[in-house]
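Structure data follow from entry.txt (compact mmCIF, C-alpha atoms):
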```txt
# COMPACT_ATOMS: atom_id res chain seq x y z
CA ASN A 164 107.16 197.52 194.07
CA ALA A 165 103.69 198.14 192.58
CA GLY A 166 101.72 195.64 194.74
CA VAL A 167 98.26 194.99 193.28
CA THR A 168 97.33 196.93 190.16
CA GLN A 169 93.76 197.19 188.92
CA THR A 170 92.56 198.59 185.62
CA PRO A 171 90.45 200.44 184.70
CA LYS A 172 89.76 202.73 187.66
CA PHE A 173 86.41 203.78 186.26
CA GLN A 174 84.12 202.20 183.70
CA VAL A 175 80.58 202.86 182.48
CA LEU A 176 78.75 200.08 180.68
CA LYS A 177 75.35 199.62 179.16
CA THR A 178 73.17 196.72 180.23
CA GLY A 179 74.16 193.59 178.34
CA GLN A 180 77.70 194.66 177.52
CA SER A 181 80.65 192.55 178.60
CA MET A 182 83.99 193.65 179.93
CA THR A 183 87.04 192.49 181.85
CA LEU A 184 88.50 194.05 184.98
CA GLN A 185 92.22 193.47 185.09
CA CYS A 186 94.23 192.63 188.20
CA ALA A 187 97.96 192.06 188.39
CA GLN A 188 100.28 191.56 191.36
CA ASP A 189 104.06 191.52 191.47
CA MET A 190 104.56 189.96 194.90
CA ASN A 191 104.47 186.32 193.76
CA HIS A 192 101.41 185.71 195.94
CA GLU A 193 99.66 182.39 195.44
CA TYR A 194 96.23 183.56 196.58
CA MET A 195 94.17 186.14 194.70
CA SER A 196 90.57 187.20 195.08
CA TRP A 197 87.92 189.60 193.86
CA TYR A 198 85.51 191.45 196.15
CA ARG A 199 82.72 193.87 195.48
CA GLN A 200 81.82 196.68 197.86
CA ASP A 201 78.38 198.24 197.88
CA PRO A 202 77.08 201.11 200.06
CA GLY A 203 75.94 199.86 203.47
CA MET A 204 77.36 196.40 202.90
CA GLY A 205 80.65 194.77 203.67
CA LEU A 206 83.06 193.52 201.07
CA ARG A 207 81.67 190.36 199.48
CA LEU A 208 83.83 187.69 197.90
CA ILE A 209 83.08 186.99 194.23
CA HIS A 210 85.77 184.51 193.17
CA TYR A 211 89.16 183.48 194.42
CA SER A 212 92.18 181.49 193.32
CA VAL A 213 94.74 179.59 195.40
CA GLY A 214 97.22 179.30 192.54
CA ALA A 215 97.66 179.29 188.79
CA GLY A 216 95.03 177.11 187.14
CA ILE A 217 92.83 176.90 190.26
CA THR A 218 89.75 179.06 190.84
CA ASP A 219 86.66 178.76 193.00
CA GLN A 220 83.48 180.64 193.73
CA GLY A 221 82.94 182.99 196.63
CA GLU A 222 79.59 184.11 198.00
CA VAL A 223 78.35 186.19 195.03
CA PRO A 224 79.77 184.57 191.86
CA ASN A 225 76.75 184.81 189.53
CA GLY A 226 77.38 186.92 186.43
CA TYR A 227 81.16 186.80 186.79
CA ASN A 228 83.90 184.58 185.41
CA VAL A 229 87.56 184.34 186.35
CA SER A 230 90.66 182.53 185.16
CA ARG A 231 94.20 182.23 186.51
CA SER A 232 96.64 181.36 183.78
CA THR A 233 99.62 182.93 185.55
CA THR A 234 100.53 183.65 189.17
CA GLU A 235 100.53 187.39 188.45
CA ASP A 236 97.17 187.93 186.74
CA PHE A 237 93.59 187.35 187.83
CA PRO A 238 91.06 189.02 185.48
CA LEU A 239 87.36 189.29 186.34
CA ARG A 240 84.94 189.04 183.42
CA LEU A 241 81.41 190.38 183.42
CA LEU A 242 79.54 188.32 180.85
CA SER A 243 76.42 190.45 180.39
CA ALA A 244 76.43 193.50 182.63
CA ALA A 245 73.36 194.29 184.72
CA PRO A 246 72.57 197.39 186.81
CA SER A 247 72.89 195.20 189.93
CA GLN A 248 76.58 194.87 189.13
CA THR A 249 77.15 198.58 189.66
CA SER A 250 79.71 198.53 192.44
CA VAL A 251 83.31 199.11 193.41
CA TYR A 252 85.44 196.05 192.74
CA PHE A 253 88.59 195.23 194.65
CA CYS A 254 91.23 192.69 193.78
CA ALA A 255 93.39 191.34 196.60
CA SER A 256 96.29 188.95 196.98
CA SER A 257 97.91 187.22 199.92
CA GLN A 258 100.60 184.78 200.90
CA GLY A 259 101.02 182.82 204.09
CA ALA A 260 99.22 184.46 206.96
CA ASN A 261 96.18 185.46 204.93
CA VAL A 262 96.88 189.15 205.18
CA LEU A 263 95.34 190.70 202.10
CA THR A 264 96.95 193.34 199.94
CA PHE A 265 94.24 195.21 198.05
CA GLY A 266 94.32 197.12 194.82
CA ALA A 267 92.96 200.65 194.57
CA GLY A 268 89.60 199.50 193.22
CA SER A 269 87.63 199.73 190.00
CA ARG A 270 84.38 201.68 190.03
CA LEU A 271 81.85 200.21 187.62
CA THR A 272 78.54 201.78 186.63
CA VAL A 273 76.03 199.81 184.58
CA LEU A 274 73.28 201.87 182.97
CA SER B 21 77.85 181.64 207.83
CA GLN B 22 79.63 184.14 210.01
CA LYS B 23 78.08 187.48 210.83
CA ILE B 24 80.25 190.41 211.88
CA GLU B 25 78.71 193.25 213.85
CA GLN B 26 80.67 196.41 214.44
CA ASN B 27 79.55 198.55 217.34
CA SER B 28 78.39 201.41 215.24
CA GLU B 29 78.51 202.64 211.70
CA ALA B 30 80.05 205.93 212.80
CA LEU B 31 82.16 207.06 215.74
CA ASN B 32 83.14 210.67 216.37
CA ILE B 33 85.79 211.58 218.93
CA GLN B 34 87.96 214.53 219.81
CA GLU B 35 91.65 214.61 218.94
CA GLY B 36 93.83 213.21 221.69
CA LYS B 37 91.20 210.84 223.05
CA THR B 38 91.27 207.06 222.72
CA ALA B 39 89.00 205.61 220.07
CA THR B 40 87.58 202.17 220.79
CA LEU B 41 85.95 200.15 218.04
CA THR B 42 84.17 196.85 218.62
CA CYS B 43 83.66 193.80 216.47
CA ASN B 44 81.35 190.96 217.47
CA TYR B 45 81.32 187.62 215.68
CA THR B 46 77.91 186.07 216.06
CA ASN B 47 78.23 182.48 214.90
CA TYR B 48 81.66 181.19 215.83
CA SER B 49 84.86 182.48 217.31
CA PRO B 50 87.32 182.79 214.41
CA ALA B 51 90.79 181.27 214.43
CA TYR B 52 92.19 184.72 213.71
CA LEU B 53 90.92 188.13 212.84
CA GLN B 54 92.38 191.20 211.25
CA TRP B 55 91.86 194.93 211.28
CA TYR B 56 92.07 197.06 208.16
CA ARG B 57 91.80 200.74 207.48
CA GLN B 58 90.03 202.06 204.40
CA ASP B 59 90.21 205.66 203.19
CA PRO B 60 87.60 207.04 200.75
CA GLY B 61 88.22 205.90 197.19
CA ARG B 62 90.97 203.49 198.17
CA GLY B 63 91.39 199.81 198.99
CA PRO B 64 91.60 198.54 202.56
CA VAL B 65 95.05 198.50 204.14
CA PHE B 66 96.09 195.86 206.67
CA LEU B 67 96.84 197.05 210.20
CA LEU B 68 96.96 194.14 212.66
CA LEU B 69 96.27 190.42 212.91
CA ILE B 70 95.48 188.58 216.13
CA ARG B 71 95.10 184.83 216.57
CA GLU B 72 92.73 183.00 218.86
CA ASN B 73 95.51 182.08 221.29
CA GLU B 74 96.61 185.72 221.63
CA LYS B 75 94.89 188.12 224.00
CA GLU B 76 96.42 191.35 222.78
CA LYS B 77 98.50 192.82 219.97
CA ARG B 78 100.07 196.28 219.76
CA LYS B 79 101.53 198.39 217.01
CA GLU B 80 102.55 201.94 217.82
CA ARG B 81 99.31 203.71 218.92
CA LEU B 82 97.13 200.74 217.98
CA LYS B 83 96.02 197.91 220.24
CA VAL B 84 93.80 194.96 219.44
CA THR B 85 92.29 192.53 221.93
CA PHE B 86 90.50 189.29 221.23
CA ASP B 87 88.12 187.58 223.65
CA THR B 88 87.21 184.17 222.22
CA THR B 89 84.62 183.55 224.94
CA LEU B 90 82.73 186.72 224.11
CA LYS B 91 83.57 186.33 220.40
CA GLN B 92 84.60 189.95 220.43
CA SER B 93 87.55 192.07 219.34
CA LEU B 94 88.30 195.60 220.53
CA PHE B 95 90.47 197.98 218.52
CA HIS B 96 91.96 200.96 220.31
CA ILE B 97 93.68 204.02 218.85
CA THR B 98 95.35 206.03 221.57
CA ALA B 99 96.12 209.75 221.24
CA SER B 100 93.88 209.87 218.18
CA GLN B 101 94.61 212.35 215.39
CA PRO B 102 92.48 213.74 212.56
CA ALA B 103 94.65 211.62 210.21
CA ASP B 104 93.18 208.53 211.89
CA SER B 105 89.80 209.38 210.38
CA ALA B 106 88.84 206.48 208.10
CA THR B 107 86.63 203.40 207.96
CA TYR B 108 87.92 200.46 209.97
CA LEU B 109 87.12 196.87 209.02
CA CYS B 110 87.49 193.71 211.11
CA PRO B 111 87.31 190.67 208.84
CA CYS B 112 87.73 187.16 210.15
CA ASP B 113 88.55 183.85 208.58
CA ARG B 114 85.87 181.56 207.22
CA GLY B 115 87.07 178.58 209.18
CA SER B 116 89.61 177.54 206.55
CA THR B 117 93.23 178.41 205.86
CA LEU B 118 92.69 179.62 202.33
CA GLY B 119 92.52 183.32 203.12
CA ARG B 120 88.83 183.77 202.53
CA LEU B 121 87.74 186.55 204.81
CA TYR B 122 84.31 187.66 205.95
CA PHE B 123 83.92 191.43 206.07
CA GLY B 124 81.39 193.47 208.02
CA ARG B 125 80.24 196.96 207.05
CA GLY B 126 82.95 198.71 208.98
CA THR B 127 82.98 201.64 211.41
CA GLN B 128 83.59 205.14 210.09
CA LEU B 129 85.80 206.97 212.58
CA THR B 130 86.01 210.76 212.54
CA VAL B 131 88.55 212.50 214.77
CA TRP B 132 87.87 216.21 215.09
CA PRO B 133 90.42 218.79 216.21
```
As structure tokens, the full file:
Amino acid sequence: NAGVTQTPKFQVLKTGQSMTLQCAQDMNHEYMSWYRQDPGMGLRLIHYSVGAGITDQGEVPNGYNVSRSTTEDFPLRLLSAAPSQTSVYFCASSQGANVLTFGAGSRLTVL
Amino acid sequence: SQKIEQNSEALNIQEGKTATLTCNYTNYSPAYLQWYRQDPGRGPVFLLLIRENEKEKRKERLKVTFDTTLKQSLFHITASQPADSATYLCPCDRGSTLGRLYFGRGTQLTVWP
């Protein structure tokens, strides 16, 4: 059972480039979310989804897009990368009691 | 919005002692809260969940208490070991049932031999 799989683990972008962080879960969880984690700050919610076809914004959604075409996948798109988006990104999923299962993280550097 | 304050950014204790970590919720007492462990370079891992109508939860060497009046949770690790060294997070719900959690900065625990 793989749980939550994130790719890539590391990525370096130049300002203005776009890219997609992939997230897949094999637990048939309805809820999926993306967080970013920056030094000295807690995890902050970017976007979340309560099921296929349904997405909503978290507390720091600007500069990011998401879609949920299947239960398993929840990609995060950076439209035009900025240095302020340098961070570690975590995808998480949950079912029922709101206990989150996190992926291993994707470390993004924007130059 | 909710603000989560953990008692300190870092806690250092000797192996065998009990580690006590504190979380304070400044705006409202959450319906439930959770404790996670995060190791460097990895995602957080769920440890325990406690609801507002529960005073205490235990799991092996771990114990969590929840005081809704004080809006405070205590997390205890008894007989601590160097392998317990990690950052501990205490997110709480955002007042809804949709699994959106507020996270604080966490407390980095170091257990030295």
Q: Excluding range 89-98 of chain B and residues on its chain fewer than 5 positions from it, collect all residues at most 9 Å away from it, counting all atoms listed in the file, and give them as a count of residues only.
A: 23
Q: For CA of Arg231 in chain A and CA of Thr218 in chain A, determine how far apart the two atoms are, in Å to one decimal place.
A: 7.0 Å
Q. For the atom pair CA of Leu263 in chain A and CA of Leu208 in chain A, what is the interatomic distance in Å to one decimal place?
A.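 CA of Leu208 in chain A lies at a distance of 12.6 Å from CA of Leu263 in chain A.
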Q. By how many Å are CA of Ser105 in chain B and CA of Ala267 in chain A apart?
A.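 Going from CA of Ser105 in chain B over to CA of Ala267 in chain A, I get 18.3 Å.
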**Q.** chain B contacts on chain A, all atoms listed in the file, 7 Å, as JSON, numbers by chain
**A.** {"A": [203, 204, 205, 206, 253, 261, 262, 263, 264, 265, 266, 267, 268]}
Pick out the residues sitting within 9 Å of Glu222 in chain A, and hand them over as an mmCIF file with C-alpha atoms, in the frame of the given file; count all atoms listed in the file, and ignore anything fewer than 6 positions along from it in its own chain.
```cif
data_model
loop_
_atom_site.group_PDB
_atom_site.id
_atom_site.type_symbol
_atom_site.label_atom_id
_atom_site.label_comp_id
_atom_site.auth_asym_id
_atom_site.auth_seq_id
_atom_site.Cartn_x
_atom_site.Cartn_y
_atom_site.Cartn_z
ATOM 1 C CA ARG A 207 81.670 190.360 199.480
ATOM 2 C CA LEU A 208 83.830 187.690 197.900
ATOM 3 C CA ILE A 209 83.080 186.990 194.230
ATOM 4 C CA HIS A 210 85.770 184.510 193.170
#
```
Write out as a compact mmCIF listing (two decimals) with C-alpha atoms, in the coordinates of the input each polymer residue whose atoms come within 12 Å of Leu239 in chain A, counting all atoms listed in the file; drop sequence neighbours fewer than 4 positions from it.
```txt
# COMPACT_ATOMS: atom_id res chain seq x y z
CA GLN A 169 93.76 197.19 188.92
CA THR A 170 92.56 198.59 185.62
CA PRO A 171 90.45 200.44 184.70
CA SER A 181 80.65 192.55 178.60
CA MET A 182 83.99 193.65 179.93
CA THR A 183 87.04 192.49 181.85
CA LEU A 184 88.50 194.05 184.98
CA GLN A 185 92.22 193.47 185.09
CA CYS A 186 94.23 192.63 188.20
CA ALA A 187 97.96 192.06 188.39
CA MET A 195 94.17 186.14 194.70
CA SER A 196 90.57 187.20 195.08
CA TRP A 197 87.92 189.60 193.86
CA TYR A 198 85.51 191.45 196.15
CA ARG A 199 82.72 193.87 195.48
CA ILE A 209 83.08 186.99 194.23
CA HIS A 210 85.77 184.51 193.17
CA TYR A 211 89.16 183.48 194.42
CA SER A 212 92.18 181.49 193.32
CA THR A 218 89.75 179.06 190.84
CA PRO A 224 79.77 184.57 191.86
CA ASN A 225 76.75 184.81 189.53
CA GLY A 226 77.38 186.92 186.43
CA TYR A 227 81.16 186.80 186.79
CA ASN A 228 83.90 184.58 185.41
CA VAL A 229 87.56 184.34 186.35
CA SER A 230 90.66 182.53 185.16
CA ARG A 231 94.20 182.23 186.51
CA TYR A 252 85.44 196.05 192.74
CA PHE A 253 88.59 195.23 194.65
CA CYS A 254 91.23 192.69 193.78
CA SER A 269 87.63 199.73 190.00
```
Q. Which residues, protein or nucleic acid, reach to within 8 Å of (97.5, 177.0, 190.3) in the file's coordinates when using only C-alpha atoms, and can you give that as a ChimeraX atom specification?
A. /A:193,212-217,231-234
Q: Counting all atoms listed in the file, write as a list of chain:residue names all protein and nucleic acid residues lying at most 6 Å from (100.5, 185.8, 190.4) in the file's frame.
A: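 Taken together, the residues in range are A:Gln188, A:Asn191, A:His192, A:Thr233, A:Thr234, A:Glu235, A:Asp236.
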Q: Pick out the residues sitting within 12 Å of Gln180 in chain A, and hand them over as a PyMOL selection string; count only C-alpha atoms, and ignore anything fewer than 5 positions along from it in its own chain.
A: chain A and resi 174-175+226+240-246+248+272-274
Q) A:Val251, A:Gln220, A:Asp189, A:Phe237: which is nearest Gly166 in chain A, counting only C-alpha atoms? A) A:Asp189
